[in-house]
Amino acid sequence: MPRLCAMQSTLLKRRLHSSIRLCEESDQGDVQIGNPFCLEPIEYESRTFRKHDNVRRQRLYEFGLYVAACMPKFVQKIQMQHTDELEILCAPEGFHPVLSFLRLHQHACFETCSAATAVDVPSREFRFEVIYCILSLRFGERVRVKSYTDELTPVESAYDLWTGVNWFEREIYDMFGIIFRNHPDLRRILTDYGFQGHPLRKDFPITGYIEVRYDDELKKLVYEPVEYAQEMRQYQLESPWNYMKNFHEGYNNPKPIKK
């Protein structure tokens with residue numbers, strides 16, 4: 001077993017060394033353009049933009065290639081964003097294994113999950129995109145891991161990796177309706193008891209279904225279906241400074257002359 005680990009580390013060093021050598025040769029113009037193992041350097045002539053650390057971008061991109069090489073069954077794509085952050089796109093069945101790899105592997109050590117959210121795109125077959133933002137305090141790098149699902153297919157919870165995602169996943173369930181398998185306490189966290197629907201879905205109406213008001217006669221909060229007059233639905237897509245002046249008396253009168 002130790003011999004096998006030594007062989008794997010030797011092969012990894014050879015691959016990284018060859019990729020760095022290819023990047024150096026590409027800068028000299030000795031190899032063809034479009035090398036998949038080397039990112040094109042980003043340089044700005046303007047002094048107002050933040051400068052990109054191309055060496056750090058290349059190192060982070062090679063780490064993404066390493067993750068894809070270790071888990072080719074699950075990782076579908078890796079890409080670098082304009083903010084010099086790595087994104088790993090994986091299949092739904094490999095979402096939890098990839099997160100486990102990034103959490104427990106000695107070359108990753110992403111021990112903190114700083115955020116978890118989702119995106120709703122109704123035009124897609126799998127309309128929901130689940131996103132985890134993780135942080136490695138050992139190496140000082142951030143990675144976003146993305147996967148996809150639909151309304152009925154559950155996603156494996158990452159509570160056994162980061163206990164802090166308990167509330168993150170509850171919020172995703174509350175706002176989008178995405179179900180997390182093996183979650184210890186999957187219930188709503190932001191909306192009220194008995195709330196219908198999921199507010200951040202694109203097909204959820206802006207006005208909602210139920211309104212809450214205080215009844216002076218009953219001396220308690222009353223839940224009623226939303227009653228929204230048609231006159232209130234005429235929105236004016238202007239700044240309030242342009243149309244608020246039309247709602248007071250004498251707005252057409254000439255300005256008073258200063259004495």
# chains A, B, ... in the order shown; residues from 1 in each chain; ligands from 1
>>> closest_atom_pairs(of="region 175-202 of chain A", to="region 84-100 of chain A", cutoff="12 Å", atoms="only C-alpha atoms", output="JSON lines")
{"residue": "A:Phe180", "atom": "CA", "partner": "A:His96", "partner_atom": "CA", "distance": 11.2}
{"residue": "A:Arg181", "atom": "CA", "partner": "A:His96", "partner_atom": "CA", "distance": 10.8}
{"residue": "A:Asn182", "atom": "CA", "partner": "A:His96", "partner_atom": "CA", "distance": 11.6}
>>> write_last_selection(atoms="N, CA and C atoms", output="PDB file, in the first residue's frame")
ATOM      1  N   PHE A 180     -33.329  17.281   0.698  1.00  0.00           N
ATOM      2  CA  PHE A 180     -32.005  16.773   1.038  1.00  0.00           C
ATOM      3  C   PHE A 180     -32.161  15.454   1.795  1.00  0.00           C
ATOM      4  N   ARG A 181     -31.565  14.415   1.224  1.00  0.00           N
ATOM      5  CA  ARG A 181     -31.622  13.099   1.839  1.00  0.00           C
ATOM      6  C   ARG A 181     -30.665  13.017   3.018  1.00  0.00           C
ATOM      7  N   ASN A 182     -31.083  12.303   4.081  1.00  0.00           N
ATOM      8  CA  ASN A 182     -30.282  12.081   5.298  1.00  0.00           C
ATOM      9  C   ASN A 182     -29.976  13.384   6.045  1.00  0.00           C
TER      10      ASN A 182
END
>>> residues_around(residues="region 113-127 of chain A", least_positions_apart="3", cutoff="10 Å", atoms="only C-alpha atoms", output="number ranges by chain")
A: 103, 110, 130-136, 142-151, 153, 158, 161-165, 167-169, 171-173, 175-176, 178, 200-203
>>> select_by_dssp(residues="region 83-207 of chain A", states="helix (DSSP H, G or I)", output="MDAnalysis selection string")
chainID A and resid 92:104 165:176
>>> write_last_selection(atoms="N, CA and C atoms", output="PDB file, in the first residue's frame")
ATOM      1  N   PRO A  92     -25.370  14.636 -10.276  1.00  0.00           N
ATOM      2  CA  PRO A  92     -26.086  14.579  -8.980  1.00  0.00           C
ATOM      3  C   PRO A  92     -25.679  13.394  -8.119  1.00  0.00           C
ATOM      4  N   GLU A  93     -25.448  12.216  -8.743  1.00  0.00           N
ATOM      5  CA  GLU A  93     -25.075  11.057  -7.937  1.00  0.00           C
ATOM      6  C   GLU A  93     -23.651  11.161  -7.387  1.00  0.00           C
ATOM      7  N   GLY A  94     -22.840  12.054  -7.950  1.00  0.00           N
ATOM      8  CA  GLY A  94     -21.480  12.236  -7.472  1.00  0.00           C
ATOM      9  C   GLY A  94     -21.272  13.499  -6.668  1.00  0.00           C
ATOM     10  N   PHE A  95     -22.369  14.186  -6.321  1.00  0.00           N
ATOM     11  CA  PHE A  95     -22.240  15.449  -5.601  1.00  0.00           C
ATOM     12  C   PHE A  95     -21.617  15.228  -4.215  1.00  0.00           C
ATOM     13  N   HIS A  96     -22.156  14.280  -3.475  1.00  0.00           N
ATOM     14  CA  HIS A  96     -21.623  13.999  -2.140  1.00  0.00           C
ATOM     15  C   HIS A  96     -20.233  13.372  -2.189  1.00  0.00           C
ATOM     16  N   PRO A  97     -19.929  12.423  -3.086  1.00  0.00           N
ATOM     17  CA  PRO A  97     -18.544  11.916  -3.156  1.00  0.00           C
ATOM     18  C   PRO A  97     -17.508  12.982  -3.481  1.00  0.00           C
ATOM     19  N   VAL A  98     -17.841  13.935  -4.359  1.00  0.00           N
ATOM     20  CA  VAL A  98     -16.895  15.002  -4.684  1.00  0.00           C
ATOM     21  C   VAL A  98     -16.686  15.911  -3.475  1.00  0.00           C
ATOM     22  N   LEU A  99     -17.767  16.236  -2.771  1.00  0.00           N
ATOM     23  CA  LEU A  99     -17.628  17.044  -1.555  1.00  0.00           C
ATOM     24  C   LEU A  99     -16.816  16.308  -0.495  1.00  0.00           C
ATOM     25  N   SER A 100     -17.009  15.000  -0.389  1.00  0.00           N
ATOM     26  CA  SER A 100     -16.227  14.218   0.576  1.00  0.00           C
ATOM     27  C   SER A 100     -14.746  14.215   0.201  1.00  0.00           C
ATOM     28  N   PHE A 101     -14.464  14.105  -1.100  1.00  0.00           N
ATOM     29  CA  PHE A 101     -13.076  14.145  -1.556  1.00  0.00           C
ATOM     30  C   PHE A 101     -12.429  15.478  -1.207  1.00  0.00           C
ATOM     31  N   LEU A 102     -13.136  16.576  -1.463  1.00  0.00           N
ATOM     32  CA  LEU A 102     -12.578  17.894  -1.181  1.00  0.00           C
ATOM     33  C   LEU A 102     -12.467  18.157   0.321  1.00  0.00           C
ATOM     34  N   ARG A 103     -13.297  17.527   1.104  1.00  0.00           N
ATOM     35  CA  ARG A 103     -13.254  17.738   2.557  1.00  0.00           C
ATOM     36  C   ARG A 103     -12.160  16.919   3.229  1.00  0.00           C
ATOM     37  N   LEU A 104     -11.938  15.694   2.762  1.00  0.00           N
ATOM     38  CA  LEU A 104     -11.096  14.769   3.506  1.00  0.00           C
ATOM     39  C   LEU A 104      -9.736  14.529   2.874  1.00  0.00           C
ATOM     40  N   VAL A 165     -23.872  23.308   7.545  1.00  0.00           N
ATOM     41  CA  VAL A 165     -24.794  23.394   6.408  1.00  0.00           C
ATOM     42  C   VAL A 165     -26.204  23.017   6.812  1.00  0.00           C
ATOM     43  N   ASN A 166     -26.437  22.750   8.074  1.00  0.00           N
ATOM     44  CA  ASN A 166     -27.778  22.399   8.535  1.00  0.00           C
ATOM     45  C   ASN A 166     -28.779  23.488   8.173  1.00  0.00           C
ATOM     46  N   TRP A 167     -28.469  24.729   8.556  1.00  0.00           N
ATOM     47  CA  TRP A 167     -29.378  25.835   8.269  1.00  0.00           C
ATOM     48  C   TRP A 167     -29.340  26.213   6.792  1.00  0.00           C
ATOM     49  N   PHE A 168     -28.196  26.080   6.143  1.00  0.00           N
ATOM     50  CA  PHE A 168     -28.128  26.382   4.709  1.00  0.00           C
ATOM     51  C   PHE A 168     -29.087  25.489   3.922  1.00  0.00           C
ATOM     52  N   GLU A 169     -29.053  24.207   4.199  1.00  0.00           N
ATOM     53  CA  GLU A 169     -29.909  23.271   3.467  1.00  0.00           C
ATOM     54  C   GLU A 169     -31.378  23.440   3.844  1.00  0.00           C
ATOM     55  N   ARG A 170     -31.634  23.811   5.082  1.00  0.00           N
ATOM     56  CA  ARG A 170     -33.024  24.113   5.461  1.00  0.00           C
ATOM     57  C   ARG A 170     -33.538  25.342   4.722  1.00  0.00           C
ATOM     58  N   GLU A 171     -32.679  26.331   4.553  1.00  0.00           N
ATOM     59  CA  GLU A 171     -33.077  27.525   3.807  1.00  0.00           C
ATOM     60  C   GLU A 171     -33.326  27.197   2.340  1.00  0.00           C
ATOM     61  N   ILE A 172     -32.483  26.357   1.738  1.00  0.00           N
ATOM     62  CA  ILE A 172     -32.691  25.953   0.353  1.00  0.00           C
ATOM     63  C   ILE A 172     -34.001  25.187   0.215  1.00  0.00           C
ATOM     64  N   TYR A 173     -34.277  24.309   1.177  1.00  0.00           N
ATOM     65  CA  TYR A 173     -35.538  23.567   1.148  1.00  0.00           C
ATOM     66  C   TYR A 173     -36.733  24.501   1.289  1.00  0.00           C
ATOM     67  N   ASP A 174     -36.608  25.510   2.137  1.00  0.00           N
ATOM     68  CA  ASP A 174     -37.710  26.433   2.369  1.00  0.00           C
ATOM     69  C   ASP A 174     -37.953  27.321   1.154  1.00  0.00           C
ATOM     70  N   MET A 175     -36.884  27.847   0.557  1.00  0.00           N
ATOM     71  CA  MET A 175     -37.039  28.806  -0.531  1.00  0.00           C
ATOM     72  C   MET A 175     -37.250  28.151  -1.901  1.00  0.00           C
ATOM     73  N   PHE A 176     -36.663  26.973  -2.127  1.00  0.00           N
ATOM     74  CA  PHE A 176     -36.732  26.341  -3.446  1.00  0.00           C
ATOM     75  C   PHE A 176     -37.479  25.011  -3.456  1.00  0.00           C
TER      76      PHE A 176
END
>>> atom_distance(atom1="CA of His82 (chain A)", atom2="CA of Leu137 (chain A)")
21.8 Å
>>> atom_distance(atom1="CA of Arg213 (chain A)", atom2="CA of Arg188 (chain A)")
21.3 Å
>>> atom_distance(atom1="CA of His198 (chain A)", atom2="CA of Pro154 (chain A)")
15.9 Å
>>> residues_around(residues="Asp53 (chain A)", least_positions_apart="6", cutoff="10 Å", atoms="only C-alpha atoms", output="MDAnalysis selection string")
chainID A and resid 41:43 84
>>> write_last_selection(atoms="all heavy atoms", output="mmCIF file, in the first residue's frame")
data_model
loop_
_atom_site.group_PDB
_atom_site.id
_atom_site.type_symbol
_atom_site.label_atom_id
_atom_site.label_comp_id
_atom_site.auth_asym_id
_atom_site.auth_seq_id
_atom_site.Cartn_x
_atom_site.Cartn_y
_atom_site.Cartn_z
ATOM 1 N N PRO A 41 -3.004 33.660 -19.978
ATOM 2 C CA PRO A 41 -2.832 34.736 -18.989
ATOM 3 C C PRO A 41 -3.749 35.918 -19.287
ATOM 4 O O PRO A 41 -4.027 36.247 -20.448
ATOM 5 C CB PRO A 41 -1.360 35.114 -19.126
ATOM 6 C CG PRO A 41 -0.710 33.949 -19.770
ATOM 7 C CD PRO A 41 -1.744 33.329 -20.666
ATOM 8 N N ILE A 42 -4.218 36.557 -18.228
ATOM 9 C CA ILE A 42 -5.097 37.712 -18.323
ATOM 10 C C ILE A 42 -4.309 38.936 -17.885
ATOM 11 O O ILE A 42 -3.819 38.999 -16.754
ATOM 12 C CB ILE A 42 -6.346 37.536 -17.456
ATOM 13 C CG1 ILE A 42 -7.135 36.299 -17.904
ATOM 14 C CG2 ILE A 42 -7.224 38.778 -17.528
ATOM 15 C CD1 ILE A 42 -8.351 36.031 -17.047
ATOM 16 N N GLU A 43 -4.200 39.894 -18.787
ATOM 17 C CA GLU A 43 -3.488 41.131 -18.492
ATOM 18 C C GLU A 43 -4.349 42.320 -18.880
ATOM 19 O O GLU A 43 -4.990 42.323 -19.937
ATOM 20 C CB GLU A 43 -2.150 41.195 -19.252
ATOM 21 C CG GLU A 43 -1.176 40.089 -18.892
ATOM 22 C CD GLU A 43 -0.645 40.207 -17.473
ATOM 23 O OE1 GLU A 43 -0.765 41.302 -16.901
ATOM 24 O OE2 GLU A 43 -0.113 39.207 -16.954
ATOM 25 N N ASP A 84 -11.224 34.620 -10.489
ATOM 26 C CA ASP A 84 -10.132 33.683 -10.197
ATOM 27 C C ASP A 84 -10.553 32.612 -9.205
ATOM 28 O O ASP A 84 -9.779 32.191 -8.339
ATOM 29 C CB ASP A 84 -8.890 34.418 -9.675
ATOM 30 C CG ASP A 84 -8.303 35.343 -10.723
ATOM 31 O OD1 ASP A 84 -8.681 35.220 -11.905
ATOM 32 O OD2 ASP A 84 -7.470 36.181 -10.373
#
